Amino acid sequence: MNLDEIRGKINNIDDQMVDLFVERMKLASEIAGAKAEKNLPVLDLKRENDVLKKVMDRAGEDFELYANTLYHTMFDVSRSYQAGLLIKETPLSEEILANIKEPRLEFPRKAVVACQGTEGSYAARACGKLFSMPNTMFFNSFESVFNAVERGLCQYGVLPIENSSAGSVSEVYDLMVSHKFYIVRSLKLHINHALLAKQGVQLSQIKEIISHEQALSQCSEFLKSMPGVKVTIFENTATAAKYVAESDRTDIAAISSSECAGLYGLSIIKDDVQNNQNNYTRFICIAKSMEIYAGSGKISLMLSVAHKPGSLYAMIGKIACQGINLCKLESRPIPGKDFEFRFYFDLDASVFSKDVITLLKDMELAADKFSFLGCYSEIV
Ligand SMILES: O=C(O)C(=O)C[C@]1(C(=O)O)C=C[C@@H](O)C=C1
């Protein structure tokens with residue numbers, strides 16, 4: 001047989017398989033109805049294992065593993081479909097639906113916003129892009145930003161979450177667990193770092209460079225080119241610039257934004273010291289209550305799954321079944337557990353879609369712990 005003839009046969013088989021698949025899905029919907037009457041859950045692991053065993057035996061030694069994978073996907077699809085038919089509203093889905101009943105149209109222009117660092121920090125620059133008239137309050141830690149929002153001291157808080165070269169800001173991810181908040185907007189900010197020192201100081205005089213550890217990591221190649229220079233971590237890039245300005249030393253420099261040069265009377269002794277010119281940091285804007293604005297197309301979730309084979313795979317399968325793009329998956333260890341992880345999902349999806357609400361309910365019921373962190377839009 002030539003290629004076209006073989007493909008012709010495959011086409012025939014696919015036609016039959018799709019017809020049988022549709023027939024199988026219709027039977028799954030009848031099962032969903034029967035289960036609803038008897039108050040039974042969608043998942044029946046014993047039945048799945050019985051089917052898997054039969055399918056693998058029938059496929060024979062050469063194909064049993066492929067048949068196993070195919071049927072795992074088949075069950076994922078079948079369960080997602082049944083879930084869509086069966087799952088009732090949960091308190092979370094009700095809260096989301098109530099929130100979008102009369103969608104908020106405009107993001108506020110003015111607000112009291114909590115920010116880590118000081119005047120001139122990248123977070124402050126992010127605030128200025130998120131709000132046209134922010135009244136920014138500065139705090140010295142990310143935790144204080146979460147607290148300020150949670151306690152109602154500030155309406156919003158702005159926090160860095162990831163950088164295109166240095167990766168996630170793990171401290172912010174870890175703080176998410178112990179605080180109640182919602183992401184209401186995000187921002188991708190282009191970051192270019194400069195080396196700042198006192199007026200008249202030359203690069204060759206520098207013996208110590210200070211900055212936030214994320215900024216230091218984003219400038220690692222420049223730092224390698226300065227052997228013998230001590231590198232010191234500071235809580236914030238702008239605080240580092242302020243420290244240099246207030247110190248009497250002429251052998252110390254800060255990696256910071258070029259705005260800080262003007263703000264603190266320093267000079268730029270070297271510009272663009274970051275490894276990559278395409279250096280971006282994503283910031284999230286958080287609020288105490290759920291606020292979903294019209295046009296929001298990103299969803300963030302935090303969840304943990306049973307510590308057994310296939311649990312995360314099944315969760316991702318639910319997203320894939322809806323044809324939704326999983327744009328970020330971050331894992332962080334759960335303190336006190338033996339290499340168990342909490343997962344953070346970012347989806348290109350909107351709660352204004354009925355299928356997405358069904359997906360969220362399905363994921364919520366399948367997870368050990370589940371938090372909806374918000375549905376928002378990202379600005380650049
Ligand atoms: O037999 C059932 O109980 C079904 O719901 C059908 C089915 C399947 O697709 O084969 C789907 C989900 C269950 O976990 C088990 C099997």
# chains A, B, ... in the order shown; residues from 1 in each chain; ligands from 1
$ closest_atom_pairs --of "chain A" --to "ligand 1" --cutoff "7 Å" --atoms "only C-alpha atoms and all ligand atoms" --output "JSON lines"
{"residue": "A:Ala28", "atom": "CA", "partner": "ligand 1", "partner_atom_place_in_ligand_line": "6 (C)", "distance": 5.4}
{"residue": "A:Ile31", "atom": "CA", "partner": "ligand 1", "partner_atom_place_in_ligand_line": "5 (O)", "distance": 5.7}
{"residue": "A:Ala32", "atom": "CA", "partner": "ligand 1", "partner_atom_place_in_ligand_line": "5 (O)", "distance": 6.4}
{"residue": "A:Val42", "atom": "CA", "partner": "ligand 1", "partner_atom_place_in_ligand_line": "5 (O)", "distance": 5.7}
{"residue": "A:Leu43", "atom": "CA", "partner": "ligand 1", "partner_atom_place_in_ligand_line": "14 (O)", "distance": 3.6}
{"residue": "A:Asp44", "atom": "CA", "partner": "ligand 1", "partner_atom_place_in_ligand_line": "14 (O)", "distance": 3.7}
{"residue": "A:Leu45", "atom": "CA", "partner": "ligand 1", "partner_atom_place_in_ligand_line": "14 (O)", "distance": 5.4}
{"residue": "A:Arg47", "atom": "CA", "partner": "ligand 1", "partner_atom_place_in_ligand_line": "15 (C)", "distance": 5.3}
{"residue": "A:Glu48", "atom": "CA", "partner": "ligand 1", "partner_atom_place_in_ligand_line": "15 (C)", "distance": 4.8}
{"residue": "A:Met74", "atom": "CA", "partner": "ligand 1", "partner_atom_place_in_ligand_line": "9 (O)", "distance": 6.3}
{"residue": "A:Phe75", "atom": "CA", "partner": "ligand 1", "partner_atom_place_in_ligand_line": "9 (O)", "distance": 4.6}
{"residue": "A:Ser78", "atom": "CA", "partner": "ligand 1", "partner_atom_place_in_ligand_line": "9 (O)", "distance": 4.6}
{"residue": "A:Arg79", "atom": "CA", "partner": "ligand 1", "partner_atom_place_in_ligand_line": "12 (C)", "distance": 5.0}
$ residues_around --residues "range 151-155 of chain A" --least-positions-apart "6" --cutoff "9 Å" --atoms "only C-alpha atoms" --output "list in words"
Ala111, Val112, Val113, Ala114, Thr136, Met137, Val145, Ile286, Ala287 and Lys288 of chain A
$ residues_around --residues "Asn275 in chain A" --least-positions-apart "4" --cutoff "6 Å" --atoms "only C-alpha atoms" --output "compact mmCIF listing (two decimals) with N, CA and C atoms, in the first residue's frame"
# COMPACT_ATOMS: atom_id res chain seq x y z
N GLN A 218 19.19 39.68 37.76
CA GLN A 218 18.97 40.12 36.37
C GLN A 218 20.22 40.79 35.77
N CYS A 219 21.17 41.13 36.66
CA CYS A 219 22.39 41.81 36.18
C CYS A 219 23.62 40.94 36.45
N GLU A 221 25.52 39.02 34.75
CA GLU A 221 26.67 39.05 33.83
C GLU A 221 27.51 40.31 34.05
$ closest_residue --among "A:Gln199, A:Glu364, A:Asp355, A:Ser217" --to "Ser168 in chain A" --atoms "only C-alpha atoms"
A:Ser217
$ select_by_dssp --residues "range 156-359 of chain A" --states "strand (DSSP E)" --output "ChimeraX atom specification"
/A:156-163,167-168,182-190,194-197,208-211,230-233,252-256,267-270,280-287,298-304,325-333,341-348
$ residues_around --residues "Ser256 in chain A" --least-positions-apart "4" --cutoff "9 Å" --atoms "only C-alpha atoms" --output "count of residues only"
19
$ closest_residue --among "A:Ser93, A:Ser377, A:Ser220, A:Ser353" --to "Asn276 in chain A" --atoms "only C-alpha atoms"
A:Ser220
$ residues_around --residues "Val184 in chain A" --least-positions-apart "5" --cutoff "8 Å" --atoms "only C-alpha atoms" --output "PyMOL selection string"
chain A and resi 284-287+290-293+374-377
$ select_by_dssp --residues "range 243-342 of chain A" --states "helix (DSSP H, G or I)" --output "NGL selection string"
:A and (243-246 or 259-264 or 311-321)
$ write_last_selection --atoms "C-alpha atoms" --output "tab-separated table (two decimals), in the first residue's frame"
chain	number	residue	atom	x	y	z
A	243	TYR	CA	21.25	54.45	50.90
A	244	VAL	CA	24.05	55.31	48.44
A	245	ALA	CA	22.86	58.94	48.35
A	246	GLU	CA	22.80	59.20	52.16
A	259	GLU	CA	14.64	57.70	37.74
A	260	CYS	CA	16.33	57.18	41.10
A	261	ALA	CA	19.39	59.08	39.85
A	262	GLY	CA	17.29	62.24	39.50
A	263	LEU	CA	15.30	61.54	42.67
A	264	TYR	CA	18.33	61.04	44.93
A	311	SER	CA	-3.45	13.96	40.07
A	312	LEU	CA	-1.77	16.97	38.48
A	313	TYR	CA	-2.06	15.39	35.05
A	314	ALA	CA	-5.83	15.01	35.59
A	315	MET	CA	-6.11	18.66	36.64
A	316	ILE	CA	-4.22	19.84	33.54
A	317	GLY	CA	-6.37	17.48	31.45
A	318	LYS	CA	-9.50	19.35	32.55
A	319	ILE	CA	-7.99	22.61	31.23
A	320	ALA	CA	-6.90	20.97	27.99
A	321	CYS	CA	-10.41	19.50	27.48
$ closest_residue --among "A:Thr118, A:Leu329, A:Phe339, A:Ile209" --to "Leu223 in chain A" --atoms "only C-alpha atoms"
A:Ile209
$ residues_around --residues "Ile161 in chain A" --least-positions-apart "3" --cutoff "6 Å" --atoms "only C-alpha atoms" --output "PyMOL selection string"
chain A and resi 168-169+282-283
$ write_last_selection --atoms "C-alpha atoms" --output "tab-separated table (two decimals), in the first residue's frame"
chain	number	residue	atom	x	y	z
A	168	SER	CA	9.20	33.99	39.82
A	169	VAL	CA	9.34	36.12	42.95
A	282	ARG	CA	5.05	41.30	35.81
A	283	PHE	CA	3.30	43.08	38.66
$ closest_residue --among "A:Thr358, A:Gln277, A:Ser371, A:Ser144" --to "Tyr81 in chain A" --atoms "only C-alpha atoms"
A:Thr358
$ closest_residue --among "A:Gln214, A:Ser258, A:Asn68, A:Gln322" --to "Thr232 in chain A" --atoms "only C-alpha atoms"
A:Gln214
$ closest_atom_pairs --of "range 179-251 of chain A" --to "range 171-175 of chain A" --cutoff "12 Å" --atoms "only C-alpha atoms" --output "Markdown table"
| residue | atom | partner | partner_atom | distance |
| --- | --- | --- | --- | --- |
| A:His179 | CA | A:Leu175 | CA | 6.7 |
| A:Lys180 | CA | A:Leu175 | CA | 9.9 |
| A:Phe181 | CA | A:Leu175 | CA | 10.7 |
| A:Glu213 | CA | A:Glu171 | CA | 11.5 |
| A:Gln214 | CA | A:Glu171 | CA | 11.0 |
$ write_last_selection --atoms "N, CA and C atoms" --output "compact mmCIF listing (two decimals), in the first residue's frame"
# COMPACT_ATOMS: atom_id res chain seq x y z
N HIS A 179 -2.63 34.96 53.04
CA HIS A 179 -3.39 36.22 52.95
C HIS A 179 -4.62 36.06 52.07
N LYS A 180 -5.64 36.83 52.43
CA LYS A 180 -6.86 36.80 51.62
C LYS A 180 -6.83 38.03 50.72
N PHE A 181 -6.89 37.81 49.42
CA PHE A 181 -6.79 38.91 48.46
C PHE A 181 -7.29 38.41 47.10
N GLU A 213 17.67 41.39 45.45
CA GLU A 213 18.28 40.18 44.90
C GLU A 213 17.77 39.85 43.49
N GLN A 214 16.52 40.22 43.17
CA GLN A 214 16.00 39.97 41.81
C GLN A 214 16.78 40.81 40.81
$ residues_around --residues "Ser29 in chain A" --least-positions-apart "6" --cutoff "12 Å" --atoms "only C-alpha atoms" --output "list in words"
Val22, Glu23, Lys35, Ala36, Val42, Val77, Ser78, Arg79, Ser80, Tyr81, Gln82, Ala83, Gly84, Leu85 and Leu86 of chain A
$ decode --residues "range 16-146 of chain A" --atoms "C-alpha atoms" --output "PDB file, in the first residue's frame"
ATOM      1  CA  GLN A  16     -15.780   5.046  12.852  1.00  0.00           C
ATOM      2  CA  MET A  17     -13.869   6.048  15.988  1.00  0.00           C
ATOM      3  CA  VAL A  18     -15.386   9.546  16.059  1.00  0.00           C
ATOM      4  CA  ASP A  19     -18.896   8.126  15.593  1.00  0.00           C
ATOM      5  CA  LEU A  20     -18.249   5.652  18.420  1.00  0.00           C
ATOM      6  CA  PHE A  21     -16.734   8.404  20.559  1.00  0.00           C
ATOM      7  CA  VAL A  22     -19.840  10.573  20.127  1.00  0.00           C
ATOM      8  CA  GLU A  23     -22.017   7.548  20.965  1.00  0.00           C
ATOM      9  CA  ARG A  24     -19.866   6.896  24.061  1.00  0.00           C
ATOM     10  CA  MET A  25     -20.214  10.536  25.169  1.00  0.00           C
ATOM     11  CA  LYS A  26     -24.003  10.354  24.786  1.00  0.00           C
ATOM     12  CA  LEU A  27     -24.016   7.256  27.001  1.00  0.00           C
ATOM     13  CA  ALA A  28     -21.814   9.141  29.490  1.00  0.00           C
ATOM     14  CA  SER A  29     -24.487  11.855  29.623  1.00  0.00           C
ATOM     15  CA  GLU A  30     -27.137   9.186  30.369  1.00  0.00           C
ATOM     16  CA  ILE A  31     -24.882   7.849  33.129  1.00  0.00           C
ATOM     17  CA  ALA A  32     -24.617  11.427  34.463  1.00  0.00           C
ATOM     18  CA  GLY A  33     -28.412  11.556  34.717  1.00  0.00           C
ATOM     19  CA  ALA A  34     -28.542   8.159  36.476  1.00  0.00           C
ATOM     20  CA  LYS A  35     -25.827   9.235  38.887  1.00  0.00           C
ATOM     21  CA  ALA A  36     -27.642  12.490  39.664  1.00  0.00           C
ATOM     22  CA  GLU A  37     -30.767  10.533  40.618  1.00  0.00           C
ATOM     23  CA  LYS A  38     -28.785   8.285  42.959  1.00  0.00           C
ATOM     24  CA  ASN A  39     -26.661  11.171  44.236  1.00  0.00           C
ATOM     25  CA  LEU A  40     -23.449   9.429  43.093  1.00  0.00           C
ATOM     26  CA  PRO A  41     -20.221  11.275  42.241  1.00  0.00           C
ATOM     27  CA  VAL A  42     -19.012  11.524  38.639  1.00  0.00           C
ATOM     28  CA  LEU A  43     -15.738   9.757  39.385  1.00  0.00           C
ATOM     29  CA  ASP A  44     -15.917   5.978  39.764  1.00  0.00           C
ATOM     30  CA  LEU A  45     -12.332   4.768  40.063  1.00  0.00           C
ATOM     31  CA  LYS A  46     -13.270   1.104  40.369  1.00  0.00           C
ATOM     32  CA  ARG A  47     -15.200   1.245  37.108  1.00  0.00           C
ATOM     33  CA  GLU A  48     -12.313   3.073  35.409  1.00  0.00           C
ATOM     34  CA  ASN A  49      -9.807   0.459  36.590  1.00  0.00           C
ATOM     35  CA  ASP A  50     -12.064  -2.384  35.376  1.00  0.00           C
ATOM     36  CA  VAL A  51     -12.401  -0.714  31.960  1.00  0.00           C
ATOM     37  CA  LEU A  52      -8.649  -0.039  31.798  1.00  0.00           C
ATOM     38  CA  LYS A  53      -7.799  -3.661  32.556  1.00  0.00           C
ATOM     39  CA  LYS A  54     -10.174  -4.918  29.882  1.00  0.00           C
ATOM     40  CA  VAL A  55      -8.898  -2.388  27.332  1.00  0.00           C
ATOM     41  CA  MET A  56      -5.241  -3.192  28.020  1.00  0.00           C
ATOM     42  CA  ASP A  57      -5.809  -6.960  27.781  1.00  0.00           C
ATOM     43  CA  ARG A  58      -7.600  -6.471  24.504  1.00  0.00           C
ATOM     44  CA  ALA A  59      -4.867  -4.184  23.106  1.00  0.00           C
ATOM     45  CA  GLY A  60      -2.167  -6.814  23.768  1.00  0.00           C
ATOM     46  CA  GLU A  61       1.396  -6.430  24.985  1.00  0.00           C
ATOM     47  CA  ASP A  62       2.612  -4.119  22.180  1.00  0.00           C
ATOM     48  CA  PHE A  63      -0.155  -1.571  22.585  1.00  0.00           C
ATOM     49  CA  GLU A  64      -1.350  -1.850  26.196  1.00  0.00           C
ATOM     50  CA  LEU A  65       0.508   1.266  27.390  1.00  0.00           C
ATOM     51  CA  TYR A  66      -0.765   3.360  24.472  1.00  0.00           C
ATOM     52  CA  ALA A  67      -4.291   2.097  25.098  1.00  0.00           C
ATOM     53  CA  ASN A  68      -3.862   2.995  28.780  1.00  0.00           C
ATOM     54  CA  THR A  69      -2.917   6.603  27.899  1.00  0.00           C
ATOM     55  CA  LEU A  70      -5.745   6.868  25.380  1.00  0.00           C
ATOM     56  CA  TYR A  71      -8.298   5.683  27.944  1.00  0.00           C
ATOM     57  CA  HIS A  72      -7.020   7.982  30.658  1.00  0.00           C
ATOM     58  CA  THR A  73      -7.732  10.850  28.253  1.00  0.00           C
ATOM     59  CA  MET A  74     -11.088   9.264  27.407  1.00  0.00           C
ATOM     60  CA  PHE A  75     -12.061   9.261  31.102  1.00  0.00           C
ATOM     61  CA  ASP A  76     -10.868  12.881  31.536  1.00  0.00           C
ATOM     62  CA  VAL A  77     -13.049  13.980  28.640  1.00  0.00           C
ATOM     63  CA  SER A  78     -16.002  11.902  29.782  1.00  0.00           C
ATOM     64  CA  ARG A  79     -15.775  13.182  33.373  1.00  0.00           C
ATOM     65  CA  SER A  80     -15.424  16.825  32.232  1.00  0.00           C
ATOM     66  CA  TYR A  81     -18.517  16.438  30.087  1.00  0.00           C
ATOM     67  CA  GLN A  82     -20.478  14.844  32.925  1.00  0.00           C
ATOM     68  CA  ALA A  83     -19.245  17.519  35.333  1.00  0.00           C
ATOM     69  CA  GLY A  84     -20.596  20.214  33.001  1.00  0.00           C
ATOM     70  CA  LEU A  85     -23.977  18.509  33.046  1.00  0.00           C
ATOM     71  CA  LEU A  86     -24.064  17.701  36.741  1.00  0.00           C
ATOM     72  CA  ILE A  87     -22.104  19.985  38.981  1.00  0.00           C
ATOM     73  CA  LYS A  88     -24.319  22.434  40.819  1.00  0.00           C
ATOM     74  CA  GLU A  89     -23.176  25.907  41.721  1.00  0.00           C
ATOM     75  CA  THR A  90     -20.601  26.047  44.521  1.00  0.00           C
ATOM     76  CA  PRO A  91     -20.248  28.998  46.928  1.00  0.00           C
ATOM     77  CA  LEU A  92     -17.279  30.128  44.802  1.00  0.00           C
ATOM     78  CA  SER A  93     -19.087  29.935  41.454  1.00  0.00           C
ATOM     79  CA  GLU A  94     -22.037  31.782  43.011  1.00  0.00           C
ATOM     80  CA  GLU A  95     -19.727  34.512  44.273  1.00  0.00           C
ATOM     81  CA  ILE A  96     -18.113  34.874  40.831  1.00  0.00           C
ATOM     82  CA  LEU A  97     -21.477  34.933  39.056  1.00  0.00           C
ATOM     83  CA  ALA A  98     -22.795  37.563  41.482  1.00  0.00           C
ATOM     84  CA  ASN A  99     -19.643  39.630  40.913  1.00  0.00           C
ATOM     85  CA  ILE A 100     -20.045  39.705  37.133  1.00  0.00           C
ATOM     86  CA  LYS A 101     -23.830  40.115  37.093  1.00  0.00           C
ATOM     87  CA  GLU A 102     -23.372  43.821  36.619  1.00  0.00           C
ATOM     88  CA  PRO A 103     -19.830  43.953  35.276  1.00  0.00           C
ATOM     89  CA  ARG A 104     -17.566  46.734  36.412  1.00  0.00           C
ATOM     90  CA  LEU A 105     -16.702  48.714  33.324  1.00  0.00           C
ATOM     91  CA  GLU A 106     -13.906  51.012  34.379  1.00  0.00           C
ATOM     92  CA  PHE A 107     -10.811  50.366  36.472  1.00  0.00           C
ATOM     93  CA  PRO A 108     -10.403  53.171  39.080  1.00  0.00           C
ATOM     94  CA  ARG A 109      -8.062  56.004  38.193  1.00  0.00           C
ATOM     95  CA  LYS A 110      -7.501  57.194  41.764  1.00  0.00           C
ATOM     96  CA  ALA A 111      -6.772  54.994  44.784  1.00  0.00           C
ATOM     97  CA  VAL A 112      -4.623  54.601  47.874  1.00  0.00           C
ATOM     98  CA  VAL A 113      -2.100  51.989  46.771  1.00  0.00           C
ATOM     99  CA  ALA A 114       0.366  49.983  48.875  1.00  0.00           C
ATOM    100  CA  CYS A 115       3.778  49.453  47.405  1.00  0.00           C
ATOM    101  CA  GLN A 116       7.011  47.883  48.662  1.00  0.00           C
ATOM    102  CA  GLY A 117      10.116  50.084  48.714  1.00  0.00           C
ATOM    103  CA  THR A 118      10.295  53.789  48.340  1.00  0.00           C
ATOM    104  CA  GLU A 119       9.922  56.606  45.800  1.00  0.00           C
ATOM    105  CA  GLY A 120      11.522  55.568  42.498  1.00  0.00           C
ATOM    106  CA  SER A 121      11.013  51.803  42.952  1.00  0.00           C
ATOM    107  CA  TYR A 122       9.842  49.747  40.005  1.00  0.00           C
ATOM    108  CA  ALA A 123       6.666  48.930  41.946  1.00  0.00           C
ATOM    109  CA  ALA A 124       6.010  52.689  42.228  1.00  0.00           C
ATOM    110  CA  ARG A 125       6.500  52.988  38.476  1.00  0.00           C
ATOM    111  CA  ALA A 126       4.034  50.102  38.053  1.00  0.00           C
ATOM    112  CA  CYS A 127       1.535  51.975  40.310  1.00  0.00           C
ATOM    113  CA  GLY A 128       1.776  54.998  38.034  1.00  0.00           C
ATOM    114  CA  LYS A 129       0.920  52.836  35.038  1.00  0.00           C
ATOM    115  CA  LEU A 130      -1.923  50.975  36.752  1.00  0.00           C
ATOM    116  CA  PHE A 131      -3.577  54.121  38.175  1.00  0.00           C
ATOM    117  CA  SER A 132      -3.432  57.558  36.628  1.00  0.00           C
ATOM    118  CA  MET A 133      -3.626  59.260  40.029  1.00  0.00           C
ATOM    119  CA  PRO A 134      -2.296  56.857  42.685  1.00  0.00           C
ATOM    120  CA  ASN A 135      -1.816  57.944  46.256  1.00  0.00           C
ATOM    121  CA  THR A 136       1.068  55.585  46.952  1.00  0.00           C
ATOM    122  CA  MET A 137       1.943  54.397  50.466  1.00  0.00           C
ATOM    123  CA  PHE A 138       5.339  52.742  50.797  1.00  0.00           C
ATOM    124  CA  PHE A 139       6.024  49.708  52.993  1.00  0.00           C
ATOM    125  CA  ASN A 140       9.286  47.936  53.659  1.00  0.00           C
ATOM    126  CA  SER A 141       8.173  44.367  52.936  1.00  0.00           C
ATOM    127  CA  PHE A 142       5.911  42.452  50.566  1.00  0.00           C
ATOM    128  CA  GLU A 143       4.093  41.063  53.613  1.00  0.00           C
ATOM    129  CA  SER A 144       3.219  44.607  54.749  1.00  0.00           C
ATOM    130  CA  VAL A 145       1.688  45.275  51.321  1.00  0.00           C
ATOM    131  CA  PHE A 146      -0.553  42.201  51.713  1.00  0.00           C
TER     132      PHE A 146
END
